[in-house]
>>> print(open('upload.pdb').read())   # PDB, C-alpha atoms
ATOM      1  CA  MET V   1       0.000   0.000   0.000  1.00  0.00           C
ATOM      2  CA  SER V   2       1.432   3.378  -0.936  1.00  0.00           C
ATOM      3  CA  ARG V   3       1.707   6.010   1.716  1.00  0.00           C
ATOM      4  CA  SER V   4      -0.445   9.092   1.332  1.00  0.00           C
ATOM      5  CA  ALA V   5      -0.015  12.436   3.050  1.00  0.00           C
ATOM      6  CA  GLU V   6      -2.849  11.410   5.392  1.00  0.00           C
ATOM      7  CA  THR V   7      -1.246   8.158   6.531  1.00  0.00           C
ATOM      8  CA  GLY V   8       0.487   8.268   9.884  1.00  0.00           C
ATOM      9  CA  VAL V   9       3.515   6.299  11.003  1.00  0.00           C
ATOM     10  CA  CYS V  10       3.529   4.344  14.253  1.00  0.00           C
ATOM     11  CA  ILE V  11       6.583   2.765  15.869  1.00  0.00           C
ATOM     12  CA  LEU V  12       6.281   0.331  18.771  1.00  0.00           C
ATOM     13  CA  THR V  13       9.375   0.133  20.964  1.00  0.00           C
ATOM     14  CA  ILE V  14       9.510  -2.451  23.738  1.00  0.00           C
ATOM     15  CA  ASP V  15      12.064  -1.799  26.445  1.00  0.00           C
ATOM     16  CA  LEU V  16      13.669  -4.999  27.678  1.00  0.00           C
ATOM     17  CA  THR V  17      15.654  -3.101  30.329  1.00  0.00           C
ATOM     18  CA  ASP V  18      12.496  -2.146  32.210  1.00  0.00           C
ATOM     19  CA  HIS V  19      11.037  -5.542  32.968  1.00  0.00           C
ATOM     20  CA  GLY V  20      11.914  -5.653  36.665  1.00  0.00           C
ATOM     21  CA  GLN V  21       8.518  -4.283  37.665  1.00  0.00           C
ATOM     22  CA  VAL V  22       6.843  -7.677  37.221  1.00  0.00           C
ATOM     23  CA  GLY V  23       9.103  -9.517  39.649  1.00  0.00           C
ATOM     24  CA  LYS V  24      12.389 -11.306  39.170  1.00  0.00           C
ATOM     25  CA  SER V  25      13.504  -9.930  35.862  1.00  0.00           C
ATOM     26  CA  ARG V  26      15.481 -12.761  34.288  1.00  0.00           C
ATOM     27  CA  GLU V  27      12.982 -15.428  35.293  1.00  0.00           C
ATOM     28  CA  ASN V  28      10.114 -13.382  33.910  1.00  0.00           C
ATOM     29  CA  MET V  29      11.818 -12.631  30.606  1.00  0.00           C
ATOM     30  CA  ALA V  30      12.444 -16.340  30.065  1.00  0.00           C
ATOM     31  CA  SER V  31       8.910 -17.318  31.031  1.00  0.00           C
ATOM     32  CA  ASP V  32       6.108 -18.682  28.920  1.00  0.00           C
ATOM     33  CA  ARG V  33       4.317 -15.354  29.324  1.00  0.00           C
ATOM     34  CA  PHE V  34       7.079 -13.545  27.505  1.00  0.00           C
ATOM     35  CA  ASP V  35       6.961 -16.171  24.770  1.00  0.00           C
ATOM     36  CA  ASN V  36       3.220 -15.511  24.563  1.00  0.00           C
ATOM     37  CA  LEU V  37       3.925 -11.810  24.124  1.00  0.00           C
ATOM     38  CA  ARG V  38       6.248 -12.502  21.225  1.00  0.00           C
ATOM     39  CA  GLN V  39       3.753 -14.900  19.715  1.00  0.00           C
ATOM     40  CA  SER V  40       1.001 -12.280  19.905  1.00  0.00           C
ATOM     41  CA  LEU V  41       3.217  -9.776  18.100  1.00  0.00           C
ATOM     42  CA  ALA V  42       4.052 -12.341  15.428  1.00  0.00           C
ATOM     43  CA  GLU V  43       0.402 -13.241  14.876  1.00  0.00           C
ATOM     44  CA  ALA V  44      -0.548  -9.577  14.599  1.00  0.00           C
ATOM     45  CA  GLU V  45       2.435  -9.003  12.260  1.00  0.00           C
ATOM     46  CA  ILE V  46       3.500  -5.954  14.248  1.00  0.00           C
ATOM     47  CA  PRO V  47       7.160  -4.971  13.802  1.00  0.00           C
ATOM     48  CA  VAL V  48       8.961  -4.031  17.013  1.00  0.00           C
ATOM     49  CA  THR V  49      12.089  -2.181  18.023  1.00  0.00           C
ATOM     50  CA  TRP V  50      13.482  -3.962  21.096  1.00  0.00           C
ATOM     51  CA  GLY V  51      15.446  -1.714  23.430  1.00  0.00           C
ATOM     52  CA  ILE V  52      18.317  -3.411  25.253  1.00  0.00           C
ATOM     53  CA  ASN V  53      21.577  -2.477  26.929  1.00  0.00           C
ATOM     54  CA  ALA V  54      24.955  -4.167  26.839  1.00  0.00           C
ATOM     55  CA  ASP V  55      24.409  -5.867  30.201  1.00  0.00           C
ATOM     56  CA  GLN V  56      21.641  -8.000  28.715  1.00  0.00           C
ATOM     57  CA  VAL V  57      23.441  -9.633  25.806  1.00  0.00           C
ATOM     58  CA  GLU V  58      23.665 -12.973  27.609  1.00  0.00           C
ATOM     59  CA  ASN V  59      19.899 -13.085  28.085  1.00  0.00           C
ATOM     60  CA  VAL V  60      18.654 -11.928  24.678  1.00  0.00           C
ATOM     61  CA  ARG V  61      18.610 -13.997  21.518  1.00  0.00           C
ATOM     62  CA  PRO V  62      20.220 -12.466  18.407  1.00  0.00           C
ATOM     63  CA  ARG V  63      16.698 -11.590  17.312  1.00  0.00           C
ATOM     64  CA  PRO V  64      14.357 -11.338  20.294  1.00  0.00           C
ATOM     65  CA  ASP V  65      11.539 -13.066  18.440  1.00  0.00           C
ATOM     66  CA  GLY V  66      13.290 -14.415  15.361  1.00  0.00           C
ATOM     67  CA  ARG V  67      11.498 -12.115  12.919  1.00  0.00           C
ATOM     68  CA  GLU V  68      13.324 -10.231  10.201  1.00  0.00           C
ATOM     69  CA  SER V  69      10.805  -7.391  10.509  1.00  0.00           C
ATOM     70  CA  ASP V  70      12.098  -6.421  13.969  1.00  0.00           C
ATOM     71  CA  ASP V  71      15.180  -4.501  14.975  1.00  0.00           C
ATOM     72  CA  VAL V  72      17.177  -3.739  18.111  1.00  0.00           C
ATOM     73  CA  ALA V  73      18.035  -0.378  19.634  1.00  0.00           C
ATOM     74  CA  LEU V  74      20.776   0.316  22.158  1.00  0.00           C
ATOM     75  CA  VAL V  75      19.440   1.907  25.336  1.00  0.00           C
ATOM     76  CA  ALA V  76      22.086   4.392  26.456  1.00  0.00           C
ATOM     77  CA  HIS V  77      23.363   3.795  29.986  1.00  0.00           C
ATOM     78  CA  ALA V  78      23.037   6.680  32.437  1.00  0.00           C
ATOM     79  CA  ASP V  79      26.753   6.366  33.287  1.00  0.00           C
ATOM     80  CA  TRP V  80      27.826   7.590  29.873  1.00  0.00           C
ATOM     81  CA  ALA V  81      24.780   9.144  28.226  1.00  0.00           C
ATOM     82  CA  GLY V  82      25.147  12.897  28.262  1.00  0.00           C
ATOM     83  CA  ALA V  83      28.626  12.651  29.821  1.00  0.00           C
ATOM     84  CA  ASN V  84      31.857  14.160  28.534  1.00  0.00           C
ATOM     85  CA  ARG V  85      33.088  13.126  25.138  1.00  0.00           C
ATOM     86  CA  ARG V  86      35.611  10.580  26.364  1.00  0.00           C
ATOM     87  CA  ALA V  87      33.090   8.809  28.610  1.00  0.00           C
ATOM     88  CA  PHE V  88      30.440   8.925  25.892  1.00  0.00           C
ATOM     89  CA  THR V  89      32.849   7.479  23.326  1.00  0.00           C
ATOM     90  CA  ASP V  90      34.059   4.679  25.596  1.00  0.00           C
ATOM     91  CA  GLY V  91      30.540   3.781  26.736  1.00  0.00           C
ATOM     92  CA  LEU V  92      29.077   3.765  23.249  1.00  0.00           C
ATOM     93  CA  LYS V  93      31.982   1.832  21.740  1.00  0.00           C
ATOM     94  CA  GLU V  94      32.039  -0.815  24.480  1.00  0.00           C
ATOM     95  CA  SER V  95      28.255  -1.284  24.421  1.00  0.00           C
ATOM     96  CA  LEU V  96      28.121  -1.703  20.653  1.00  0.00           C
ATOM     97  CA  ALA V  97      31.078  -4.102  20.702  1.00  0.00           C
ATOM     98  CA  ARG V  98      29.359  -6.334  23.256  1.00  0.00           C
ATOM     99  CA  LEU V  99      26.136  -6.338  21.271  1.00  0.00           C
ATOM    100  CA  ASP V 100      27.991  -7.005  18.035  1.00  0.00           C
ATOM    101  CA  ALA V 101      29.696 -10.020  19.594  1.00  0.00           C
ATOM    102  CA  ALA V 102      26.247 -11.376  20.452  1.00  0.00           C
ATOM    103  CA  GLY V 103      25.027 -10.955  16.880  1.00  0.00           C
ATOM    104  CA  LEU V 104      23.105  -7.740  17.544  1.00  0.00           C
ATOM    105  CA  HIS V 105      23.800  -4.723  15.339  1.00  0.00           C
ATOM    106  CA  PRO V 106      21.659  -1.765  16.442  1.00  0.00           C
ATOM    107  CA  ALA V 107      21.409   1.285  14.198  1.00  0.00           C
ATOM    108  CA  ALA V 108      19.256   3.199  16.698  1.00  0.00           C
ATOM    109  CA  LEU V 109      20.015   4.656  20.131  1.00  0.00           C
ATOM    110  CA  VAL V 110      17.402   5.221  22.839  1.00  0.00           C
ATOM    111  CA  LEU V 111      18.287   8.194  25.027  1.00  0.00           C
ATOM    112  CA  ARG V 112      16.122   8.393  28.127  1.00  0.00           C
ATOM    113  CA  GLN V 113      17.773  11.450  29.612  1.00  0.00           C
ATOM    114  CA  GLY V 114      20.312  14.065  28.709  1.00  0.00           C
ATOM    115  CA  ALA V 115      21.188  15.021  25.166  1.00  0.00           C
ATOM    116  CA  ILE V 116      23.736  13.859  22.626  1.00  0.00           C
ATOM    117  CA  GLY V 117      25.166  17.375  22.431  1.00  0.00           C
ATOM    118  CA  ALA V 118      28.143  17.448  20.092  1.00  0.00           C
ATOM    119  CA  HIS V 119      28.443  13.656  20.037  1.00  0.00           C
ATOM    120  CA  ASP V 120      26.373  13.143  16.892  1.00  0.00           C
ATOM    121  CA  ASP V 121      29.506  12.549  14.780  1.00  0.00           C
ATOM    122  CA  LEU V 122      30.463   9.663  17.084  1.00  0.00           C
ATOM    123  CA  LEU V 123      27.051   8.065  16.687  1.00  0.00           C
ATOM    124  CA  VAL V 124      27.336   8.168  12.913  1.00  0.00           C
ATOM    125  CA  LYS V 125      30.903   6.847  13.095  1.00  0.00           C
ATOM    126  CA  TYR V 126      29.688   3.762  14.964  1.00  0.00           C
ATOM    127  CA  GLY V 127      26.704   3.107  12.710  1.00  0.00           C
ATOM    128  CA  ILE V 128      23.851   4.827  14.546  1.00  0.00           C
ATOM    129  CA  GLN V 129      21.264   6.334  12.190  1.00  0.00           C
ATOM    130  CA  MET V 130      18.458   7.265  14.573  1.00  0.00           C
ATOM    131  CA  VAL V 131      18.270   8.654  18.127  1.00  0.00           C
ATOM    132  CA  CYS V 132      15.011   8.287  20.045  1.00  0.00           C
ATOM    133  CA  VAL V 133      14.654  10.753  22.915  1.00  0.00           C
ATOM    134  CA  SER V 134      12.082  10.643  25.683  1.00  0.00           C
ATOM    135  CA  GLU V 135      10.427  13.960  24.939  1.00  0.00           C
ATOM    136  CA  SER V 136      10.342  16.430  22.081  1.00  0.00           C
ATOM    137  CA  ARG V 137      12.957  19.164  22.010  1.00  0.00           C
ATOM    138  CA  THR V 138      11.985  20.175  18.493  1.00  0.00           C
ATOM    139  CA  GLN V 139       9.367  22.840  19.067  1.00  0.00           C
ATOM    140  CA  GLY V 140       8.821  24.774  15.877  1.00  0.00           C
ATOM    141  CA  GLN V 141      10.973  22.451  13.763  1.00  0.00           C
ATOM    142  CA  THR V 142       9.819  20.079  11.032  1.00  0.00           C
ATOM    143  CA  VAL V 143      11.397  17.793   8.500  1.00  0.00           C
ATOM    144  CA  ARG V 144      10.946  19.468   5.152  1.00  0.00           C
ATOM    145  CA  GLY V 145       9.214  17.502   2.436  1.00  0.00           C
ATOM    146  CA  TRP V 146       8.028  14.632   4.611  1.00  0.00           C
ATOM    147  CA  TRP V 147       4.534  15.641   5.743  1.00  0.00           C
ATOM    148  CA  PRO V 148       3.422  18.575   3.561  1.00  0.00           C
ATOM    149  CA  ARG V 149       0.443  19.531   5.751  1.00  0.00           C
ATOM    150  CA  LEU V 150       2.324  19.676   9.045  1.00  0.00           C
ATOM    151  CA  ARG V 151       3.162  23.351   9.071  1.00  0.00           C
ATOM    152  CA  SER V 152      -0.467  24.415   8.716  1.00  0.00           C
ATOM    153  CA  SER V 153      -2.549  21.717  10.385  1.00  0.00           C
ATOM    154  CA  VAL V 154      -0.759  19.916  13.241  1.00  0.00           C
ATOM    155  CA  PRO V 155       1.652  20.735  16.063  1.00  0.00           C
ATOM    156  CA  PRO V 156       5.408  20.542  15.417  1.00  0.00           C
ATOM    157  CA  THR V 157       6.420  17.011  14.525  1.00  0.00           C
ATOM    158  CA  PRO V 158       8.771  15.180  16.899  1.00  0.00           C
ATOM    159  CA  VAL V 159      11.248  14.513  14.092  1.00  0.00           C
ATOM    160  CA  ARG V 160      14.321  16.456  13.138  1.00  0.00           C
ATOM    161  CA  THR V 161      17.515  15.955  11.217  1.00  0.00           C
ATOM    162  CA  LEU V 162      20.833  16.478  12.962  1.00  0.00           C
ATOM    163  CA  ARG V 163      24.324  16.785  11.525  1.00  0.00           C
ATOM    164  CA  TRP V 164      26.000  14.047   9.484  1.00  0.00           C
ATOM    165  CA  GLY V 165      22.688  12.596   8.318  1.00  0.00           C
ATOM    166  CA  LEU V 166      21.564  11.549  11.812  1.00  0.00           C
ATOM    167  CA  TRP V 167      17.851  11.663  12.700  1.00  0.00           C
ATOM    168  CA  GLU V 168      16.211  12.367  16.049  1.00  0.00           C
ATOM    169  CA  VAL V 169      12.679  11.358  16.983  1.00  0.00           C
ATOM    170  CA  ALA V 170      10.764  11.916  20.216  1.00  0.00           C
ATOM    171  CA  ALA V 171       8.735   9.175  21.864  1.00  0.00           C
ATOM    172  CA  GLY V 172       5.420  10.830  22.664  1.00  0.00           C
ATOM    173  CA  ILE V 173       3.459   7.856  24.034  1.00  0.00           C
ATOM    174  CA  ASP V 174       4.546   6.076  27.218  1.00  0.00           C
ATOM    175  CA  LEU V 175       2.280   3.126  27.905  1.00  0.00           C
ATOM    176  CA  ASP V 176       3.162   3.145  31.622  1.00  0.00           C
ATOM    177  CA  ARG V 177       2.099   6.795  31.843  1.00  0.00           C
ATOM    178  CA  ASP V 178      -0.712   7.071  29.289  1.00  0.00           C
ATOM    179  CA  GLY V 179      -2.287   3.629  29.483  1.00  0.00           C
ATOM    180  CA  VAL V 180      -3.722   1.799  26.490  1.00  0.00           C
ATOM    181  CA  ARG V 181      -6.725   4.095  26.204  1.00  0.00           C
ATOM    182  CA  GLY V 182      -4.520   7.183  26.113  1.00  0.00           C
ATOM    183  CA  ALA V 183      -2.167   5.506  23.648  1.00  0.00           C
ATOM    184  CA  GLU V 184      -5.075   4.671  21.344  1.00  0.00           C
ATOM    185  CA  ARG V 185      -6.266   8.277  21.347  1.00  0.00           C
ATOM    186  CA  MET V 186      -2.827   9.620  20.500  1.00  0.00           C
ATOM    187  CA  ILE V 187      -2.280   7.024  17.782  1.00  0.00           C
ATOM    188  CA  ASP V 188      -5.623   7.966  16.221  1.00  0.00           C
ATOM    189  CA  ARG V 189      -4.874  11.680  16.459  1.00  0.00           C
ATOM    190  CA  SER V 190      -1.515  11.154  14.805  1.00  0.00           C
ATOM    191  CA  SER V 191      -2.982   8.997  12.045  1.00  0.00           C
ATOM    192  CA  ARG V 192      -5.635  11.602  11.231  1.00  0.00           C
ATOM    193  CA  LYS V 193      -2.959  14.255  10.824  1.00  0.00           C
ATOM    194  CA  GLY V 194      -0.507  12.077   8.921  1.00  0.00           C
ATOM    195  CA  GLY V 195       2.041  12.351  11.735  1.00  0.00           C
ATOM    196  CA  LEU V 196       4.294  10.140  13.811  1.00  0.00           C
ATOM    197  CA  ALA V 197       3.402   8.191  16.960  1.00  0.00           C
ATOM    198  CA  ILE V 198       6.149   6.400  18.875  1.00  0.00           C
ATOM    199  CA  VAL V 199       4.818   4.073  21.568  1.00  0.00           C
ATOM    200  CA  VAL V 200       7.223   3.136  24.358  1.00  0.00           C
ATOM    201  CA  ALA V 201       6.242   0.106  26.427  1.00  0.00           C
ATOM    202  CA  SER V 202       8.177  -1.853  29.006  1.00  0.00           C
ATOM    203  CA  ALA V 203       8.290  -5.576  28.391  1.00  0.00           C
ATOM    204  CA  GLY V 204       7.389  -6.129  32.027  1.00  0.00           C
ATOM    205  CA  LEU V 205       4.152  -4.184  31.687  1.00  0.00           C
ATOM    206  CA  LEU V 206       3.114  -6.009  28.515  1.00  0.00           C
ATOM    207  CA  VAL V 207       3.940  -9.396  30.037  1.00  0.00           C
ATOM    208  CA  SER V 208       2.050  -8.712  33.253  1.00  0.00           C
ATOM    209  CA  GLN V 209      -0.982  -7.159  31.551  1.00  0.00           C
ATOM    210  CA  ASP V 210      -1.528  -9.388  28.552  1.00  0.00           C
ATOM    211  CA  ARG V 211      -5.124  -8.199  27.989  1.00  0.00           C
ATOM    212  CA  GLN V 212      -3.958  -4.623  27.695  1.00  0.00           C
ATOM    213  CA  ALA V 213      -1.166  -5.727  25.376  1.00  0.00           C
ATOM    214  CA  SER V 214      -3.648  -7.590  23.163  1.00  0.00           C
ATOM    215  CA  ARG V 215      -5.885  -4.536  23.040  1.00  0.00           C
ATOM    216  CA  LEU V 216      -2.992  -2.337  21.899  1.00  0.00           C
ATOM    217  CA  PHE V 217      -1.903  -4.838  19.250  1.00  0.00           C
ATOM    218  CA  GLU V 218      -5.454  -5.174  17.936  1.00  0.00           C
ATOM    219  CA  HIS V 219      -5.776  -1.403  17.703  1.00  0.00           C
ATOM    220  CA  LEU V 220      -2.535  -1.080  15.766  1.00  0.00           C
ATOM    221  CA  SER V 221      -3.511  -3.894  13.411  1.00  0.00           C
ATOM    222  CA  ARG V 222      -6.950  -2.380  12.787  1.00  0.00           C
ATOM    223  CA  ARG V 223      -5.562   1.074  12.038  1.00  0.00           C
ATOM    224  CA  ARG V 224      -3.030  -0.453   9.675  1.00  0.00           C
ATOM    225  CA  SER V 225      -5.664  -2.461   7.822  1.00  0.00           C
ATOM    226  CA  GLU V 226      -7.722   0.729   7.451  1.00  0.00           C
ATOM    227  CA  GLY V 227      -4.730   2.463   5.867  1.00  0.00           C
ATOM    228  CA  ALA V 228      -4.568   5.016   8.698  1.00  0.00           C
ATOM    229  CA  VAL V 229      -1.059   4.122   9.846  1.00  0.00           C
ATOM    230  CA  ARG V 230       2.027   2.369   8.598  1.00  0.00           C
ATOM    231  CA  LEU V 231       3.892   0.360  11.227  1.00  0.00           C
ATOM    232  CA  GLU V 232       7.661   0.809  11.237  1.00  0.00           C
ATOM    233  CA  THR V 233      10.742   0.202  13.352  1.00  0.00           C
ATOM    234  CA  LEU V 234      13.166   2.954  14.319  1.00  0.00           C
ATOM    235  CA  THR V 235      15.736   1.776  11.781  1.00  0.00           C
ATOM    236  CA  GLY V 236      13.123   1.302   9.071  1.00  0.00           C
ATOM    237  CA  PHE V 237      11.774   4.780   9.647  1.00  0.00           C
ATOM    238  CA  ALA V 238      15.294   6.246   9.450  1.00  0.00           C
ATOM    239  CA  ALA V 239      15.705   4.562   6.065  1.00  0.00           C
ATOM    240  CA  CYS V 240      12.398   6.050   4.886  1.00  0.00           C
ATOM    241  CA  LEU V 241      13.443   9.512   6.012  1.00  0.00           C
ATOM    242  CA  GLN V 242      16.774   9.210   4.257  1.00  0.00           C
ATOM    243  CA  THR V 243      15.150   8.005   1.035  1.00  0.00           C
ATOM    244  CA  ASN V 244      12.702  10.890   1.136  1.00  0.00           C
ATOM    245  CA  ARG V 245      15.465  13.423   1.743  1.00  0.00           C
ATOM    246  CA  SER V 246      17.540  12.013  -1.106  1.00  0.00           C
ATOM    247  CA  ALA V 247      14.558  12.152  -3.444  1.00  0.00           C
ATOM    248  CA  THR V 248      13.837  15.751  -2.418  1.00  0.00           C
ATOM    249  CA  ALA V 249      17.461  16.715  -3.039  1.00  0.00           C
ATOM    250  CA  ALA V 250      17.396  15.037  -6.465  1.00  0.00           C
ATOM    251  CA  ARG V 251      14.254  16.941  -7.453  1.00  0.00           C
ATOM    252  CA  SER V 252      15.880  20.189  -6.348  1.00  0.00           C
ATOM    253  CA  ILE V 253      18.919  19.462  -8.524  1.00  0.00           C
ATOM    254  CA  LEU V 254      16.712  18.694 -11.534  1.00  0.00           C
ATOM    255  CA  ARG V 255      14.735  21.909 -11.058  1.00  0.00           C
ATOM    256  CA  SER V 256      17.960  23.909 -10.861  1.00  0.00           C
ATOM    257  CA  ALA V 257      19.334  22.252 -13.999  1.00  0.00           C
ATOM    258  CA  ALA V 258      16.119  22.963 -15.885  1.00  0.00           C
ATOM    259  CA  ALA V 259      16.045  26.610 -14.888  1.00  0.00           C
TER
END
>>> encode(input="upload.pdb", output="structure tokens")
Amino acid sequence: MSRSAETGVCILTIDLTDHGQVGKSRENMASDRFDNLRQSLAEAEIPVTWGINADQVENVRPRPDGRESDDVALVAHADWAGANRRAFTDGLKESLARLDAAGLHPAALVLRQGAIGAHDDLLVKYGIQMVCVSESRTQGQTVRGWWPRLRSSVPPTPVRTLRWGLWEVAAGIDLDRDGVRGAERMIDRSSRKGGLAIVVASAGLLVSQDRQASRLFEHLSRRRSEGAVRLETLTGFAACLQTNRSATAARSILRSAAA
């Protein structure tokens, strides 16, 4: 299905570092209930970005549910996220090396707090294409050429381009905070405006509240089947943004040559 200007984009990110709230973390993540969560996602054909940190590589399979549609994002550790350049470099490099050794190759970074500051060149150097922050710091900024109606009809989009071709997106829906009902409303609002909705959910919450998880998955599947949203991963969305920017640049060159 081709994407129209009215079609929204929704990204579901499931944080595997946050699962302690349902009890003993490692036992829960290896339980049948977690397998049921993955099975529900597979049956609904919902792509997921799984957020992990380097301390979890021994407990996470190379692909958390074995599906090629999913991807993995590195969750920045508080010890080095937002720190000085040397600490940021060492932390990022070590984390990515440990994940790489486990067969995980994230191209997205989840930044819960702080800011990347002048470290964007380091992220690009080590293969990061997308940074997902916890709240929007892009008031008044939009990505040109992506959603034509944004500037006149919806609030500023939580997407911006940084230096070196890096993208930043803001996660606007926290399932722990907003609940499924609130998440559904924001997803629908975003889809009506042709915008972006990033849903952040802890694995522990989804495992412990399987009915709520099923309700969210059903809502996403229904909106996709209606053509209201396209479901993406962080890395997949970065690729779409880059393709769109390249196409826009090519059209600009052709217009200049024809002038």
>>> atom_distance(input="upload.pdb", atom1="atom CA of V:Ala118", atom2="atom CA of V:Arg85")
8.3 Å
>>> resolve_selection(input="upload.pdb", expression="the PyMOL selection byres ((chain V and resi 94) around 12)", output="PDB file with C-alpha atoms, in the frame of the given file")
ATOM      1  CA  ASN V  53      21.577  -2.477  26.929  1.00  0.00           C
ATOM      2  CA  ALA V  54      24.955  -4.167  26.839  1.00  0.00           C
ATOM      3  CA  ASP V  55      24.409  -5.867  30.201  1.00  0.00           C
ATOM      4  CA  LEU V  74      20.776   0.316  22.158  1.00  0.00           C
ATOM      5  CA  ALA V  76      22.086   4.392  26.456  1.00  0.00           C
ATOM      6  CA  HIS V  77      23.363   3.795  29.986  1.00  0.00           C
ATOM      7  CA  TRP V  80      27.826   7.590  29.873  1.00  0.00           C
ATOM      8  CA  ALA V  87      33.090   8.809  28.610  1.00  0.00           C
ATOM      9  CA  PHE V  88      30.440   8.925  25.892  1.00  0.00           C
ATOM     10  CA  THR V  89      32.849   7.479  23.326  1.00  0.00           C
ATOM     11  CA  ASP V  90      34.059   4.679  25.596  1.00  0.00           C
ATOM     12  CA  GLY V  91      30.540   3.781  26.736  1.00  0.00           C
ATOM     13  CA  LEU V  92      29.077   3.765  23.249  1.00  0.00           C
ATOM     14  CA  LYS V  93      31.982   1.832  21.740  1.00  0.00           C
ATOM     15  CA  SER V  95      28.255  -1.284  24.421  1.00  0.00           C
ATOM     16  CA  LEU V  96      28.121  -1.703  20.653  1.00  0.00           C
ATOM     17  CA  ALA V  97      31.078  -4.102  20.702  1.00  0.00           C
ATOM     18  CA  ARG V  98      29.359  -6.334  23.256  1.00  0.00           C
ATOM     19  CA  LEU V  99      26.136  -6.338  21.271  1.00  0.00           C
ATOM     20  CA  ASP V 100      27.991  -7.005  18.035  1.00  0.00           C
ATOM     21  CA  ALA V 101      29.696 -10.020  19.594  1.00  0.00           C
ATOM     22  CA  TYR V 126      29.688   3.762  14.964  1.00  0.00           C
TER      23      TYR V 126
END
>>> atom_distance(input="upload.pdb", atom1="atom CA of V:Ser69", atom2="atom CA of V:Ala171")
20.2 Å
>>> axis_aligned_box(input="upload.pdb", around="stretch 205-215 of chain V", padding_each_side="4 Å", output="AutoDock Vina command-line options")
--center_x -0.9 --center_y -6.8 --center_z 28.1 --size_x 18.0 --size_y 13.2 --size_z 18.2
>>> atom_distance(input="upload.pdb", atom1="atom CA of V:Glu184", atom2="atom CA of V:Arg38")
20.6 Å
>>> residues_around(input="upload.pdb", residues="V:Thr7", least_positions_apart="3", cutoff="8 Å", atoms="all atoms listed in the file", output="list in words")
Arg3, Ser4, Ser191, Arg192, Lys193, Gly194, Gly195, Gly227, Ala228, Val229 and Arg230 of chain V
>>> write_last_selection(input="upload.pdb", atoms="C-alpha atoms", output="PDB file, keeping the file's coordinate frame")
ATOM      1  CA  ARG V   3       1.707   6.010   1.716  1.00  0.00           C
ATOM      2  CA  SER V   4      -0.445   9.092   1.332  1.00  0.00           C
ATOM      3  CA  SER V 191      -2.982   8.997  12.045  1.00  0.00           C
ATOM      4  CA  ARG V 192      -5.635  11.602  11.231  1.00  0.00           C
ATOM      5  CA  LYS V 193      -2.959  14.255  10.824  1.00  0.00           C
ATOM      6  CA  GLY V 194      -0.507  12.077   8.921  1.00  0.00           C
ATOM      7  CA  GLY V 195       2.041  12.351  11.735  1.00  0.00           C
ATOM      8  CA  GLY V 227      -4.730   2.463   5.867  1.00  0.00           C
ATOM      9  CA  ALA V 228      -4.568   5.016   8.698  1.00  0.00           C
ATOM     10  CA  VAL V 229      -1.059   4.122   9.846  1.00  0.00           C
ATOM     11  CA  ARG V 230       2.027   2.369   8.598  1.00  0.00           C
TER      12      ARG V 230
END
>>> resolve_selection(input="upload.pdb", expression="the PyMOL selection byres ((chain V and resi 209-224) around 8)", output="ChimeraX atom specification")
/V:37,40-41,44-46,180,184,205-208,225-231
>>> closest_residue(input="upload.pdb", among="V:Gly103, V:Gly172, V:Gly51, V:Gly8", to="V:Phe237", atoms="all atoms listed in the file")
V:Gly8
>>> closest_residue(input="upload.pdb", among="V:Thr17, V:Gln129, V:Gln56, V:Asn36", to="V:Glu168", atoms="all atoms listed in the file")
V:Gln129
>>> resolve_selection(input="upload.pdb", expression="the PyMOL selection byres ((chain V and resi 197) around 10)", output="number ranges by chain")
V: 8-12, 157-158, 169-173, 183, 186-191, 194-196, 198-200, 229, 231
>>> closest_residue(input="upload.pdb", among="V:Val75, V:Met130, V:Leu16, V:Leu175", to="V:Cys240", atoms="all atoms listed in the file")
V:Met130
>>> residues_near_point(input="upload.pdb", point="(23.4, 2.9, 14.1)", cutoff="9 Å", atoms="only C-alpha atoms", output="ChimeraX atom specification")
/V:73-74,105-109,123-131,235
>>> residues_around(input="upload.pdb", residues="V:Gly117", least_positions_apart="5", cutoff="10 Å", atoms="all atoms listed in the file", output="list of chain:residue names")
V:Gly82, V:Ala83, V:Asn84, V:Arg85
>>> closest_residue(input="upload.pdb", among="V:Asp79, V:Gly165, V:Ala42, V:Val57", to="V:Thr243", atoms="all atoms listed in the file")
V:Gly165
